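Novice: I'd like to ask you about the structure that follows.
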Amino acid sequence: MIPLLLASVLVSAAPDLDTAIALARQGRFAEALVAADAESDAVKRAQARLYVRHHAGDLDGALREIADARAAGADSPWLDEREAFVALSLRDLSRLRAALERLRGTGPDLAQAVAHYRAEADALAVTLEARDRSVRHARWVALAFGLAALAGGAWLSRRE
Amino acid sequence: MTRSVGAPPTPASSSTPGAPVAPAAAPLVLVAFVAGAATMSVELAAVRVLAPWYGTSSAVWTNVIGVVLVSLALGYLLGARLSARADPRRALGLALVLAGVATAWLPALARPAARAFLPEGLTLEEAGASLLWGSLASALCLFSPSALALGAVAPLATECLQRVRGGSAGAAGGRVLCASTLGSLAGTFATTYVLVPRAGLSATFLGAGAALVACGLPFLLAARARAGAVASALALAGALGLARVGPPPLAADMRLLEARETRYQSARVVETGVGDERLRFLQVNEGFGSFQSVWQVRTGLLPEGHYYNTFALPPWWQARPGAWRLLVLGLGAGTAWRVLEGALPPEVALETVGVEIDPGVVELGRRWMELPDGDASRVVVADVDARAALRLLPRRFDQIVLDAYQNQMEIPPQLASVEFFADCAQLLARDGWMTVNVGAFGFDDPVLVAVAGTMAAGFDRRVLALRVPFARNIVLVARVDAEPLEPGADGWVPAGAPVSRHAGALALPGMWRWFERPAAPALTDDKNPIEALQRRSIELAREHAP
């Protein structure tokens, strides 16, 4: 009874990554991964694996694929945009901001998406700052009450 | 020999042991009784009034009880100090009306106090520290005034009683403590079983507040403190007019269908979408975007991200026509039933028993989520703990679903012990399945590791853990007489089944893990640290959260 839905993620249209994409769309994810691994181009392979993971709902796996792709030398705004999308789904602010930083200055085709992610990142930051502030206030209230209780107790306990 | 209250005390030897209680003493005993009842009403209802924001976890209970106890202790000292005055009736009256007014205003103040320490929009793992500290600060702001004033009542009533009846301080104190404790007893039962579920939180606080003010006013008037009496009456009237406990704000796209206080929790049904795309959610207590049950117009699989879909896999793996006998422990409003009902293989019919401890949830399910009522193939066992229900169920089941949580995020200890899982294995038919929903932050989550290992010990076989796509849930799968299929093996993805896509996603590397039978189970009926593990799980998630 604790679903903690991250998001009903709608995987956005990805570049045409042939067989792996088609298999993933049919729900044949294991075959799709095999097909992705058969891709000779490192960037395309990484994109296909990411697409499969993301489409299957394995968001942590999708982030791992992005990291692996970067480690293999793959670099594309599409990867950054996907990372921003997944990081937002996971409410991972630092990763979202890092992805947005990499997306700075990208072309107009991603401008709308980037603006959306930026607004969401700002809203998430405001929420998290409000949380930290409220925790600080709560601790001060507890401390003040504790001191007041000690002082009050000592005063009330004194001899007349 | 009796004296009027306000006169200096006389030596204890002047009293007459065994003398009947003087007429003036009876109101004092009654006051102690009412104050005791109000104290427990405030304490028990306090957790419920915070529940929509902070839940009812052990931490919240501890914070509320701690605040009430510290405040009562200070109140005792305050009452003791004030009792030395020439006329303690005035102080007694003031303590009672202040406690009453503070109690009556609790429903109106709960929402702003809770929101001050818990901003909106947080998820469960983000809210960890806020839940702990926020519930403490909110409890301090809300409940310490009334508990402080209530604490002062007992010593003041004792002093007044001794001055009325004479005799020893011990005799007067004993009578006051007896009345106060009996009042606490009455307040405990009345609050839990009658007031909160039938009258609601607002009426409970207002009733307790009004009773305290009614007790205090005669003492104020007798002490000629008319200004205080009028002020307290006006403050109570204001509370009666304004004080209502409101639920937390809903998300912009949600509509509230019904909210109520059940015997166990604050529950509400909300709806989103229109027409055939409507989804209804049963939320309890703090929510944080999670829900206890979900309903959609059609039966069958829910949209991606719902762990209930994973429960629909065993009937396809079993591939046997006939009745599929299903036991759901933690039925809620019947979501598991509706999912399986619409996602079973052809020629398989559902025969099911559901156990739900909260009858209020069952009523909401029947009203808003099409939970069957009176259907012989859909039996609801309500108002019974799932562990106790196991002993009442003679049937052999093909599948047991365990989806029972308390306090939103805590698996009850009695439903996570090796003895419990062994009992479940005994209830299963040959090759039967057990599926368990665990809220976990990955395969290394301490709760998951402990529950999976314990389940493996109970079944004496290794257990398969499946990460639910697009969610933070993991479903554990165990089987008697055999092991579950290896993900990706032949037959794992049932051909042509509505669950095929879901099964395919679960077979990806990284989406599953086996848990072996440990040398010694982590969780037993004798020693079950599941609550500590759940706290550790949240702490770990918080450490990794932004």
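Chain labels follow the order of the structure tokens: the first chain is A, the next B, and so on; residue numbering restarts at 1 in every chain, and ligands are counted from 1 in their shown order.
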Can you work out which residues from chain B touch chain A at a cut-off of 8 Å (counting only C-alpha atoms) and hand them back as number ranges by chain?
Specialist: B: 70, 74, 77-78, 81, 116-124, 126-127, 129-130, 133-134, 136-138, 140, 289-293, 303-307, 403-405, 408-409, 437-439, 468-473, 488, 500-502, 504-505, 507-508, 510-511, 545-546
Novice: Would you mind telling me which residue in B:Leu250, B:Val49, B:Ala450, B:Leu301 lies nearest to Gly200 (chain B) when using only C-alpha atoms?
Specialist: B:Val49
Novice: Which one of A:Arg97, A:Asp80, A:Ala48, A:Gly105 sits closest to Ala22 (chain A) if you count only C-alpha atoms?
Specialist: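 Using only C-alpha atoms, the shortest distance to Ala22 (chain A) belongs to A:Ala48.
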Novice: Pick out the residues sitting within 9 Å of Tyr264 (chain B), and hand them over as a PyMOL selection string; count only C-alpha atoms, and ignore anything fewer than 5 positions along from it in its own chain.
Specialist: chain B and resi 48+192+197+357-358+360
Novice: Suppose we keep N, CA and C atoms; can you now write the selection as an mmCIF file, in the first residue's frame?
Specialist:
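Below you can see part.cif, which holds the result:
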data_model
loop_
_atom_site.group_PDB
_atom_site.id
_atom_site.type_symbol
_atom_site.label_atom_id
_atom_site.label_comp_id
_atom_site.auth_asym_id
_atom_site.auth_seq_id
_atom_site.Cartn_x
_atom_site.Cartn_y
_atom_site.Cartn_z
ATOM 1 N N ARG B 48 -4.311 11.766 15.914
ATOM 2 C CA ARG B 48 -5.188 11.727 14.741
ATOM 3 C C ARG B 48 -5.269 13.081 14.054
ATOM 4 N N THR B 192 -11.460 6.419 21.395
ATOM 5 C CA THR B 192 -11.082 5.485 20.333
ATOM 6 C C THR B 192 -12.292 4.834 19.675
ATOM 7 N N PRO B 197 -14.451 7.983 15.806
ATOM 8 C CA PRO B 197 -15.073 7.392 14.614
ATOM 9 C C PRO B 197 -16.498 7.868 14.363
ATOM 10 N N ILE B 357 -8.281 -4.818 8.182
ATOM 11 C CA ILE B 357 -8.490 -4.542 9.607
ATOM 12 C C ILE B 357 -9.425 -3.360 9.836
ATOM 13 N N ASP B 358 -9.490 -2.446 8.876
ATOM 14 C CA ASP B 358 -10.224 -1.199 9.092
ATOM 15 C C ASP B 358 -11.594 -1.269 8.419
ATOM 16 N N GLY B 360 -13.825 0.916 8.323
ATOM 17 C CA GLY B 360 -14.105 2.190 7.657
ATOM 18 C C GLY B 360 -13.588 2.202 6.225
#
Novice: Determine, counting only C-alpha atoms, which protein, DNA and RNA residues have an atom within 9 Å of an atom of region 383-396 of chain B; residues of the same chain fewer than 4 positions away are not included. Present the result as a PDB file with C-alpha atoms, in the first residue's frame.
Specialist:
ATOM      1  CA  ARG B 325      -8.258 -19.194  -4.874  1.00  0.00           C
ATOM      2  CA  LEU B 329      -4.077  -9.771   3.486  1.00  0.00           C
ATOM      3  CA  GLY B 330      -4.532  -6.001   3.577  1.00  0.00           C
ATOM      4  CA  VAL B 355      -8.813  -9.393   5.097  1.00  0.00           C
ATOM      5  CA  GLU B 356      -8.923  -5.728   6.048  1.00  0.00           C
ATOM      6  CA  ILE B 357      -8.490  -4.542   9.607  1.00  0.00           C
ATOM      7  CA  ASP B 358     -10.224  -1.199   9.092  1.00  0.00           C
ATOM      8  CA  PRO B 359     -13.996  -1.499   8.569  1.00  0.00           C
ATOM      9  CA  ALA B 404      -0.628  -4.662   4.665  1.00  0.00           C
ATOM     10  CA  GLN B 414       3.322  -9.619  13.213  1.00  0.00           C
ATOM     11  CA  LEU B 415       3.064  -9.769   9.402  1.00  0.00           C
ATOM     12  CA  PHE B 420       3.960 -15.650   9.911  1.00  0.00           C
ATOM     13  CA  ASP B 423       1.867 -20.063   8.556  1.00  0.00           C
ATOM     14  CA  CYS B 424       1.193 -18.595   5.111  1.00  0.00           C
ATOM     15  CA  GLN B 426       0.875 -23.879   5.347  1.00  0.00           C
ATOM     16  CA  LEU B 427      -2.222 -22.163   3.957  1.00  0.00           C
ATOM     17  CA  LEU B 428      -1.098 -22.478   0.356  1.00  0.00           C
ATOM     18  CA  ALA B 429      -2.131 -25.273  -1.964  1.00  0.00           C
ATOM     19  CA  ARG B 430       0.512 -27.363  -3.727  1.00  0.00           C
ATOM     20  CA  GLY B 432       0.927 -22.078  -4.403  1.00  0.00           C
TER      21      GLY B 432
END
Novice: Any idea what's packed within 9 Å of region 57-65 of chain B, counting only C-alpha atoms, ignoring anything in its chain fewer than 2 positions away? Could you give it as a PyMOL selection string?
Specialist: chain B and resi 43-44+46-47+50-51+54-55+67-70+131-133+135-137+139-140+143+406-410+531
Novice: Based on the selection just made, write C-alpha atoms of those residues as a short mmCIF file (atom, residue, chain, number, x, y, z; two decimals), in the first residue's frame.
Specialist:
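Everything below was put into out_39.cif:
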data_model
loop_
_atom_site.label_atom_id
_atom_site.label_comp_id
_atom_site.auth_asym_id
_atom_site.auth_seq_id
_atom_site.Cartn_x
_atom_site.Cartn_y
_atom_site.Cartn_z
CA GLU B 43 -3.62 12.70 23.77
CA LEU B 44 -5.32 10.11 21.59
CA ALA B 46 -3.82 14.59 19.07
CA VAL B 47 -2.15 11.92 16.97
CA LEU B 50 -1.70 15.43 13.10
CA ALA B 51 -2.15 12.29 11.01
CA TYR B 54 2.61 13.56 9.72
CA GLY B 55 0.96 10.13 9.83
CA VAL B 67 4.97 16.59 24.73
CA VAL B 68 1.88 15.72 26.74
CA LEU B 69 3.92 14.12 29.54
CA VAL B 70 6.38 17.01 29.83
CA LEU B 131 8.11 14.26 9.81
CA LEU B 132 10.26 13.82 12.90
CA TRP B 133 10.93 17.43 13.84
CA SER B 135 5.51 16.58 14.31
CA LEU B 136 7.42 17.44 17.49
CA ALA B 137 7.21 21.19 16.94
CA ALA B 139 2.74 18.92 18.95
CA LEU B 140 4.53 21.43 21.19
CA PHE B 143 -0.91 20.43 22.76
CA GLN B 406 0.31 0.49 9.16
CA ASN B 407 1.19 4.13 9.55
CA GLN B 408 1.50 4.40 5.78
CA MET B 409 5.00 3.01 5.53
CA GLU B 410 5.41 0.37 8.21
CA GLU B 531 10.35 -0.56 12.90
#
Novice: With distances taken over only C-alpha atoms, which residue among A:Glu120, A:Asp109, A:Asp18, A:Asp37 lies nearest Pro77 (chain A)?
Specialist: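 Once distances to Pro77 (chain A) are computed over only C-alpha atoms, the minimum belongs to A:Asp109.
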Novice: Could you tell me how far CA of Thr352 (chain B) lies from CA of Arg378 (chain B), in Å and to one decimal?
Specialist: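 Distance between the two atoms: 5.1 Å.
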Novice: Run DSSP on the backbone and give me the residues of region 209-289 of chain B it puts in strand (DSSP E), as a list in words.
Specialist: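 Output for region 209-289 of chain B, strand (DSSP E) only: Arg255, Leu256, Leu257, Glu258, Ala259, Arg260, Glu261, Ser266, Ala267, Arg268, Val269, Val270, Glu271, Thr272, Leu279, Arg280, Phe281, Leu282, Gln283 and Val284 of chain B.
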Novice: Next, write the just-selected residues to a file, as a compact mmCIF listing (two decimals), in the first residue's frame, keeping C-alpha atoms as the atom set.
Specialist:
# COMPACT_ATOMS: atom_id res chain seq x y z
CA ARG B 255 -11.53 16.08 -6.35
CA LEU B 256 -12.49 15.04 -2.82
CA LEU B 257 -15.32 12.50 -2.82
CA GLU B 258 -15.43 11.68 0.88
CA ALA B 259 -13.29 12.10 3.97
CA ARG B 260 -13.83 10.43 7.31
CA GLU B 261 -12.15 9.41 10.52
CA SER B 266 -7.94 9.52 8.62
CA ALA B 267 -9.19 8.28 5.27
CA ARG B 268 -10.37 10.05 2.14
CA VAL B 269 -11.32 9.12 -1.39
CA VAL B 270 -10.18 11.45 -4.14
CA GLU B 271 -10.75 11.30 -7.87
CA THR B 272 -8.91 12.54 -10.93
CA LEU B 279 -8.99 7.10 -11.27
CA ARG B 280 -10.00 7.11 -7.63
CA PHE B 281 -7.52 6.86 -4.81
CA LEU B 282 -8.09 5.94 -1.20
CA GLN B 283 -5.58 7.95 0.79
CA VAL B 284 -4.92 7.62 4.50
Novice: Using Å and a single decimal, report how far CA of Gly442 (chain B) sits from CA of Ala74 (chain A).
Specialist: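 These two atoms are separated by 27.5 Å.
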Novice: Using Å and a single decimal, report how far CA of Ala211 (chain B) sits from CA of Ala190 (chain B).
Specialist: 14.3 Å
